[in-house]
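J.: My structure file model32.cif, mmCIF, C-alpha atoms and all ligand atoms, is below:
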```cif
data_my_file
loop_
_atom_site.label_atom_id
_atom_site.label_comp_id
_atom_site.auth_asym_id
_atom_site.auth_seq_id
_atom_site.Cartn_x
_atom_site.Cartn_y
_atom_site.Cartn_z
CA MET A 1 8.81 19.75 -13.46
CA THR A 2 10.33 18.63 -16.76
CA GLN A 3 10.40 20.74 -19.91
CA ALA A 4 7.18 19.14 -21.09
CA GLY A 5 5.52 20.49 -17.93
CA LYS A 6 5.04 17.03 -16.46
CA ALA A 7 6.29 16.11 -13.00
CA LYS A 8 9.45 13.98 -13.00
CA ARG A 9 8.57 10.34 -12.25
CA VAL A 10 9.60 8.76 -8.98
CA THR A 11 11.59 5.60 -9.72
CA THR A 12 13.07 2.89 -7.52
CA HIS A 13 16.41 4.62 -8.08
CA VAL A 14 15.00 7.94 -6.80
CA LEU A 15 13.83 6.19 -3.61
CA GLN A 16 17.30 4.78 -3.03
CA GLU A 17 18.79 8.25 -3.55
CA MET A 18 16.28 9.62 -1.03
CA LYS A 19 17.45 7.11 1.57
CA ALA A 20 21.09 7.96 0.87
CA ALA A 21 20.28 11.68 1.28
CA GLY A 22 18.32 11.08 4.50
CA GLU A 23 15.01 12.26 2.93
CA ASN A 24 11.91 10.50 4.27
CA ILE A 25 9.70 8.74 1.71
CA ALA A 26 5.91 9.30 1.86
CA MET A 27 3.74 6.41 0.69
CA LEU A 28 -0.05 5.87 0.80
CA THR A 29 -2.45 3.31 -0.59
CA ALA A 30 -4.97 4.05 -3.33
CA TYR A 31 -7.28 1.74 -5.22
CA ASP A 32 -9.12 3.90 -7.75
CA TYR A 33 -8.51 6.58 -10.39
CA SER A 34 -10.02 9.62 -8.62
CA LEU A 35 -8.28 9.24 -5.25
CA ALA A 36 -5.00 8.16 -6.86
CA ARG A 37 -5.09 11.37 -8.92
CA LEU A 38 -5.61 13.50 -5.79
CA VAL A 39 -2.89 11.70 -3.84
CA ASP A 40 -0.48 12.04 -6.77
CA HIS A 41 -1.26 15.76 -7.22
CA ALA A 42 -0.56 16.27 -3.50
CA GLY A 43 2.98 15.02 -4.17
CA ILE A 44 3.13 11.53 -2.70
CA ASP A 45 6.27 9.53 -3.61
CA VAL A 46 4.82 6.01 -3.75
CA ILE A 47 1.25 4.76 -4.21
CA LEU A 48 0.60 1.23 -3.02
CA VAL A 49 -2.32 -0.59 -4.57
CA GLY A 50 -2.53 -2.69 -1.44
CA ASP A 51 -4.44 -5.91 -1.00
CA SER A 52 -6.06 -3.92 1.84
CA ALA A 53 -8.48 -3.14 -1.02
CA SER A 54 -10.02 -6.43 0.10
CA ASN A 55 -10.96 -4.75 3.41
CA VAL A 56 -11.58 -1.12 2.54
CA MET A 57 -13.02 -1.43 -0.97
CA ALA A 58 -14.78 -4.80 -0.81
CA GLY A 59 -15.64 -5.04 2.91
CA HIS A 60 -13.95 -8.39 3.54
CA GLU A 61 -12.67 -9.15 7.03
CA THR A 62 -9.17 -10.09 5.75
CA THR A 63 -6.96 -9.51 2.71
CA LEU A 64 -7.20 -13.15 1.66
CA PRO A 65 -10.23 -13.14 -0.69
CA ILE A 66 -9.04 -10.52 -3.20
CA THR A 67 -8.09 -12.03 -6.57
CA LEU A 68 -5.37 -11.24 -9.10
CA ASP A 69 -7.99 -9.99 -11.58
CA GLN A 70 -9.43 -7.64 -8.94
CA MET A 71 -5.96 -6.32 -8.05
CA ILE A 72 -5.27 -5.70 -11.75
CA TYR A 73 -8.57 -3.79 -12.05
CA HIS A 74 -7.68 -1.56 -9.06
CA ALA A 75 -4.08 -1.12 -10.25
CA SER A 76 -4.99 -0.14 -13.80
CA SER A 77 -7.48 2.45 -12.45
CA VAL A 78 -4.75 3.91 -10.21
CA VAL A 79 -2.15 3.96 -12.98
CA ARG A 80 -4.49 6.03 -15.19
CA GLY A 81 -4.68 8.69 -12.44
CA VAL A 82 -0.96 8.98 -11.67
CA GLU A 83 1.68 11.14 -13.36
CA ARG A 84 4.51 11.25 -10.81
CA ALA A 85 4.35 8.61 -8.07
CA LEU A 86 5.83 5.13 -8.28
CA VAL A 87 2.91 2.66 -8.36
CA VAL A 88 3.50 -0.60 -6.45
CA VAL A 89 0.93 -3.41 -6.49
CA ASP A 90 0.46 -6.19 -3.94
CA LEU A 91 0.58 -9.74 -5.22
CA PRO A 92 -2.56 -11.15 -3.61
CA PHE A 93 -2.72 -14.23 -1.39
CA GLY A 94 -2.40 -17.50 -3.28
CA THR A 95 -0.73 -16.06 -6.39
CA TYR A 96 2.94 -16.45 -5.45
CA GLN A 97 3.35 -18.83 -2.51
CA GLY A 98 2.90 -22.06 -4.55
CA ASN A 99 6.06 -21.86 -6.63
CA SER A 100 8.32 -19.31 -8.28
CA LYS A 101 6.92 -19.93 -11.78
CA GLU A 102 3.43 -19.10 -10.58
CA ALA A 103 4.81 -16.01 -8.78
CA LEU A 104 6.50 -14.79 -11.96
CA GLY A 105 3.30 -15.38 -13.96
CA SER A 106 1.28 -13.32 -11.46
CA ALA A 107 3.82 -10.48 -11.41
CA ILE A 108 3.97 -10.40 -15.22
CA ARG A 109 0.16 -10.18 -15.43
CA ILE A 110 0.15 -7.21 -13.02
CA MET A 111 2.87 -5.36 -14.93
CA LYS A 112 1.44 -6.08 -18.41
CA GLU A 113 -2.26 -5.59 -17.68
CA SER A 114 -2.13 -2.64 -15.24
CA GLY A 115 0.93 -0.66 -16.31
CA ALA A 116 2.17 -0.51 -12.69
CA HIS A 117 5.87 -0.08 -11.90
CA ALA A 118 6.61 -2.70 -9.23
CA VAL A 119 5.08 -5.46 -7.11
CA LYS A 120 5.10 -6.13 -3.37
CA LEU A 121 4.86 -9.48 -1.67
CA GLU A 122 4.85 -10.68 1.92
CA GLY A 123 7.48 -12.87 3.53
CA GLY A 124 11.22 -13.54 3.78
CA LYS A 125 13.19 -16.76 3.33
CA GLU A 126 10.10 -18.79 2.41
CA VAL A 127 9.43 -16.68 -0.71
CA ILE A 128 13.01 -15.80 -1.66
CA GLU A 129 13.03 -18.09 -4.71
CA SER A 130 9.89 -16.38 -6.04
CA ILE A 131 11.40 -12.95 -5.45
CA GLY A 132 14.55 -13.98 -7.33
CA ARG A 133 12.56 -15.25 -10.30
CA ILE A 134 10.38 -12.13 -10.52
CA LEU A 135 13.51 -9.97 -10.40
CA THR A 136 15.11 -11.93 -13.26
CA ALA A 137 12.24 -10.71 -15.46
CA GLY A 138 13.19 -7.12 -14.65
CA ILE A 139 10.24 -6.50 -12.33
CA PRO A 140 11.13 -4.45 -9.23
CA VAL A 141 10.06 -6.11 -5.96
CA MET A 142 9.23 -4.51 -2.62
CA GLY A 143 9.40 -6.88 0.39
CA HIS A 144 7.04 -6.87 3.40
CA LEU A 145 8.02 -8.24 6.84
CA GLY A 146 6.68 -8.10 10.39
CA LEU A 147 2.91 -8.28 10.54
CA THR A 148 2.01 -9.87 7.22
CA PRO A 149 -1.81 -9.80 6.98
CA GLN A 150 -1.97 -12.63 4.41
CA SER A 151 -0.78 -14.96 7.23
CA ILE A 152 -3.35 -13.75 9.74
CA TYR A 153 -4.77 -17.23 10.29
CA LYS A 154 -1.27 -18.48 11.18
CA PHE A 155 -0.65 -15.59 13.63
CA GLY A 156 -4.25 -15.65 14.91
CA THR A 157 -4.06 -11.93 15.85
CA TYR A 158 -3.03 -8.48 14.57
CA VAL A 159 -0.84 -7.69 17.63
CA VAL A 160 2.70 -6.26 17.36
CA ARG A 161 5.15 -8.79 15.83
CA ALA A 162 8.77 -9.66 16.63
CA LYS A 163 8.72 -8.66 20.30
CA GLU A 164 10.51 -11.92 21.17
CA GLU A 165 14.20 -12.21 20.28
CA ALA A 166 13.82 -15.33 18.10
CA GLU A 167 11.28 -13.66 15.83
CA ALA A 168 13.27 -10.39 15.84
CA GLU A 169 16.39 -12.28 14.75
CA ARG A 170 14.48 -14.02 11.94
CA LEU A 171 13.18 -10.63 10.79
CA ARG A 172 16.68 -9.10 10.80
CA SER A 173 18.04 -11.96 8.71
CA ASP A 174 15.02 -11.90 6.34
CA ALA A 175 15.62 -8.19 5.72
CA LEU A 176 19.24 -8.89 4.74
CA LEU A 177 18.08 -11.74 2.47
CA LEU A 178 15.56 -9.45 0.73
CA GLU A 179 18.26 -6.84 0.16
CA GLU A 180 20.71 -9.46 -1.15
CA ALA A 181 18.05 -10.90 -3.46
CA GLY A 182 17.62 -7.44 -5.03
CA CYS A 183 14.42 -5.99 -3.50
CA PHE A 184 14.37 -2.21 -3.97
CA ALA A 185 12.64 -1.51 -0.62
CA ILE A 186 11.03 -3.26 2.34
CA VAL A 187 7.82 -2.50 4.26
CA LEU A 188 8.00 -3.27 7.98
CA GLU A 189 4.58 -3.55 9.59
CA LYS A 190 3.76 -3.29 13.29
CA ILE A 191 7.05 -4.15 14.96
CA PRO A 192 8.95 -2.45 17.82
CA ALA A 193 10.43 0.91 16.75
CA GLU A 194 13.89 -0.03 18.01
CA LEU A 195 14.00 -3.19 15.90
CA ALA A 196 12.74 -1.31 12.82
CA ALA A 197 15.43 1.35 13.30
CA ALA A 198 18.13 -1.34 13.53
CA VAL A 199 16.86 -3.02 10.34
CA ALA A 200 16.76 0.31 8.47
CA ALA A 201 20.35 1.01 9.55
CA SER A 202 21.52 -2.45 8.46
CA VAL A 203 20.38 -2.27 4.82
CA ARG A 204 21.09 0.17 1.98
CA ILE A 205 17.58 -0.10 0.53
CA PRO A 206 14.73 2.07 1.90
CA VAL A 207 12.68 0.67 4.76
CA ILE A 208 9.10 1.99 4.86
CA GLY A 209 7.28 1.60 8.16
CA ILE A 210 3.67 1.24 9.23
CA GLY A 211 3.48 1.03 13.00
CA ALA A 212 7.28 0.71 13.04
CA GLY A 213 8.28 4.08 14.54
CA GLY A 214 9.97 7.14 13.06
CA SER A 215 13.57 5.94 12.64
CA VAL A 216 13.03 4.24 9.29
CA ASP A 217 13.28 5.71 5.78
CA GLY A 218 9.62 6.46 5.14
CA GLN A 219 6.03 5.85 6.21
CA VAL A 220 2.95 4.23 4.67
CA LEU A 221 -0.68 4.39 5.79
CA VAL A 222 -3.93 3.10 4.34
CA LEU A 223 -5.53 6.16 2.70
CA HIS A 224 -9.07 5.45 3.93
CA ASP A 225 -7.81 5.17 7.52
CA MET A 226 -5.79 8.42 7.53
CA LEU A 227 -8.63 10.32 5.86
CA GLY A 228 -11.02 9.13 8.57
CA ILE A 229 -13.36 7.27 6.22
CA ASN A 230 -13.04 4.14 8.33
CA THR A 231 -13.81 5.12 11.90
CA GLU A 232 -13.86 1.64 13.43
CA PHE A 233 -10.09 1.08 13.02
CA HIS A 234 -7.92 3.07 15.45
CA PRO A 235 -4.56 1.44 16.17
CA ARG A 236 -1.96 3.53 18.03
CA PHE A 237 0.14 4.06 14.89
CA LEU A 238 -2.69 5.68 12.91
CA ARG A 239 -2.77 9.48 12.71
CA ARG A 240 -6.01 10.84 11.23
CA TYR A 241 -5.55 13.83 8.90
CA ALA A 242 -9.23 14.37 8.10
CA ASP A 243 -12.70 13.32 9.22
CA LEU A 244 -14.23 12.32 5.91
CA HIS A 245 -16.77 10.13 7.68
CA GLU A 246 -18.29 13.28 9.19
CA ALA A 247 -17.80 15.34 6.01
CA ILE A 248 -19.43 12.75 3.74
CA THR A 249 -22.33 11.72 5.97
CA GLY A 250 -22.97 15.44 6.67
CA ALA A 251 -23.01 16.34 2.97
CA VAL A 252 -25.20 13.37 2.04
CA GLY A 253 -27.56 14.20 4.92
CA ARG A 254 -27.95 17.81 3.69
CA TYR A 255 -28.61 16.57 0.13
CA ILE A 256 -31.32 14.19 1.38
CA GLU A 257 -32.96 17.03 3.34
CA ASP A 258 -32.87 19.34 0.30
CA VAL A 259 -34.38 16.70 -2.00
CA ARG A 260 -37.11 15.85 0.49
CA SER A 261 -37.98 19.50 1.15
CA GLY A 262 -38.01 20.35 -2.58
CA ASP A 263 -35.19 22.89 -2.09
CA PHE A 264 -33.01 21.05 -4.61
CA PRO A 265 -32.93 21.71 -7.51
CA ASN A 266 -33.78 25.43 -7.53
CA LYS A 267 -34.44 27.59 -10.62
CA ASP A 268 -30.73 28.19 -11.25
CA GLU A 269 -30.07 24.45 -11.17
CA GLN A 270 -32.42 23.53 -14.01
CA TYR A 271 -32.58 23.99 -17.81
O1 LIG A 301 -2.20 -3.76 1.70
C1 LIG A 301 -1.74 -2.78 2.30
O2 LIG A 301 -2.39 -1.72 2.44
C2 LIG A 301 -0.39 -2.88 2.85
C3 LIG A 301 0.07 -1.75 3.72
C4 LIG A 301 -0.57 -1.83 5.04
C5 LIG A 301 1.55 -1.71 3.82
O3 LIG A 301 0.28 -3.82 2.61
#
```
Spell out the structure here as structure tokens.
Ligand code: KIV
T.:
Amino acid sequence: MTQAGKAKRVTTHVLQEMKAAGENIAMLTAYDYSLARLVDHAGIDVILVGDSASNVMAGHETTLPITLDQMIYHASSVVRGVERALVVVDLPFGTYQGNSKEALGSAIRIMKESGAHAVKLEGGKEVIESIGRILTAGIPVMGHLGLTPQSIYKFGTYVVRAKEEAEAERLRSDALLLEEAGCFAIVLEKIPAELAAAVAASVRIPVIGIGAGGSVDGQVLVLHDMLGINTEFHPRFLRRYADLHEAITGAVGRYIEDVRSGDFPNKDEQY
């Protein structure tokens, strides 16, 4: 805590110090004020306003439909709930792939309109010019390699990436390019643990894994998955820390019963 009684903010610099000290970084997604506040109070280091909001908040099958305006809405809600964590926001599909000027414009809108601290975007060599331009404006960038859900129609499937040597080699060289360009961290999604460990050892910036094994510098999960709100999604890498599906449907069921039976409200619950 600082003298003012507020928790000291996590910065990109703090994350790099954590890697250097061998301390694992804990990152989770959040998309709204109330859950972001809880996750921040619990002591998370990084909150990702992921474009997975497209799936878990809006019910879309993929991350592609979510818009920049919608991401800014989610991000500004999260920022209002957070005192300590670093807030990173995904640049949504179609807002940075066209050209670097468009990418910079999208990143500036996120930073200005939401108050977030950094952006994340998917890809390596093919988006390096955009990353460079965003960085020149002083906006920290987190990279994302391996399974990149915005390219799902190119991959055709959500299976583990980079099992073949050619793709693994491309990923290794993309990671070095992202570091050289100035990214402050990289997410590696759903790749073999051995490859992820080698990438993490080859760069000085933190590597945060999801389905990438334990020998990286930190872990990220989608909050709704680890809290057991979404029960249909159970990949091997997902550890469930709660069963909120059961807790919420149980609570709502008891409320319905009480309303129907006339038990709620009772005399103490009225004016
Ligand atoms: O959008 C998201 O939630 C993500 C994580 C899976 C890393 O990008």
J.: Smallest atom-to-atom distance to Pro92 in chain A: which of A:Ser76, A:Ala53, A:Glu17, A:Ile229, using all atoms listed in the file?
T.: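 Checking each of A:Ser76, A:Ala53, A:Glu17, A:Ile229 against Pro92 in chain A, counting all atoms listed in the file, the winner is A:Ala53.
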J.: So that I can see what lies close to Ala181 in chain A, please list as an MDAnalysis selection string the residues with an atom at most 8 Å from it, counting all atoms listed in the file and leaving out residues fewer than 4 positions away in the same chain.
T.: chainID A and resid 128 131:132 177
J.: Find, counting all atoms listed in the file, the residue in A:Gly209, A:Pro192, A:Gly43, A:Gly59 that gets nearest to ligand LIG 301 (chain A).
T.: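 Smallest separation from ligand LIG 301 (chain A) among the options: A:Gly209.
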J.: Output as a Markdown table one row per residue of chain A within 7 Å of ligand LIG 301 (chain A): the closest atom pair and its distance in Å to one decimal place, counting only C-alpha atoms and all ligand atoms, sorted by chain and residue number ascending.
T.:
```
| residue | atom | partner | partner_atom | distance |
| --- | --- | --- | --- | --- |
| A:Thr29 | CA | A:LIG301 | O2 | 5.9 |
| A:Leu48 | CA | A:LIG301 | O2 | 6.9 |
| A:Gly50 | CA | A:LIG301 | O1 | 3.3 |
| A:Asp51 | CA | A:LIG301 | O1 | 4.1 |
| A:Ser52 | CA | A:LIG301 | O1 | 3.9 |
| A:Ala53 | CA | A:LIG301 | O1 | 6.9 |
| A:Asp90 | CA | A:LIG301 | O1 | 6.7 |
| A:Val187 | CA | A:LIG301 | C5 | 6.3 |
| A:Glu189 | CA | A:LIG301 | C5 | 6.8 |
| A:Ile210 | CA | A:LIG301 | C5 | 6.5 |
| A:Val220 | CA | A:LIG301 | C5 | 6.2 |
| A:Leu221 | CA | A:LIG301 | C4 | 6.3 |
| A:Val222 | CA | A:LIG301 | O2 | 5.4 |
```
J.: Which polymer residues, whether protein, DNA or RNA, lie within 10 Å of the coordinate (-12.7, 10.0, 7.9) when you count all atoms listed in the file? List them as a VMD selection string, using the chain letters and numbers from the file.
T.: chain A and resid 223 to 231 240 to 249
J.: For each of A:Thr63, A:Thr157, A:Ser130, A:Ser77, take the minimum atom-to-atom distance to Gly115 in chain A, counting only C-alpha atoms, then give the residue where this is smallest.
T.: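 Answer, going by the shortest atom-to-atom distance: A:Ser77.
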J.: Using all atoms listed in the file, can you tell me which of A:Arg84, A:Lys112, A:Arg161, A:His13 comes closest to Gly211 in chain A?
T.: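 Answer, going by the shortest atom-to-atom distance: A:Arg161.
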J.: Mind pulling up the distance from CA of Tyr33 in chain A to CA of Gly94 in chain A?
T.: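 Separating CA of Gly94 in chain A from CA of Tyr33 in chain A is a distance of 25.8 Å.
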J.: Nearest to Ala212 in chain A among A:Pro265, A:Pro65, A:Gly105, A:Gly146, with distances taken over all atoms listed in the file: which residue is it?
T.: A:Gly146
J.: In terms of the shortest atom-to-atom distance over all atoms listed in the file, which of A:Tyr96, A:Val49, A:Lys125, A:Gly213 is closest to Arg236 in chain A?
T.: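 Under the stated criterion, the closest residue is A:Gly213.
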J.: Using Å and a single decimal, report how far CA of Gly22 in chain A sits from CA of Gly123 in chain A.
T.: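 Result for CA of Gly123 in chain A versus CA of Gly22 in chain A: 26.3 Å, one decimal.
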J.: Could you please determine the separation between CA of Tyr158 in chain A and CA of Lys190 in chain A in Å, to one decimal place?
T.: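 Separation of CA of Tyr158 in chain A and CA of Lys190 in chain A: 8.6 Å.
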J.: Hey, what's within 12 Å of Leu38 in chain A if we count all atoms listed in the file and toss same-chain stuff fewer than 4 positions away? As a list of chain:residue names, please?
T.: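 Selected residues are A:Leu28, A:Thr29, A:Ala30, A:Tyr31, A:Asp32, A:Tyr33, A:Ser34, A:Ala42, A:Gly43, A:Ile44, A:Ile47, A:Val78, A:Gly81, A:Val82, A:Glu83, A:Arg84, A:Ala85, A:Leu223.
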J.: What box, with edges along x, y and z, holds each listed atom of range 92-99 of chain A when 8 Å is added on every side, and can you state its centre and edge lengths in Å to one decimal, as lines of an AutoDock Vina configuration file?
T.:
```
center_x = 1.7
center_y = -16.6
center_z = -4.0
size_x = 24.8
size_y = 26.9
size_z = 21.2
```
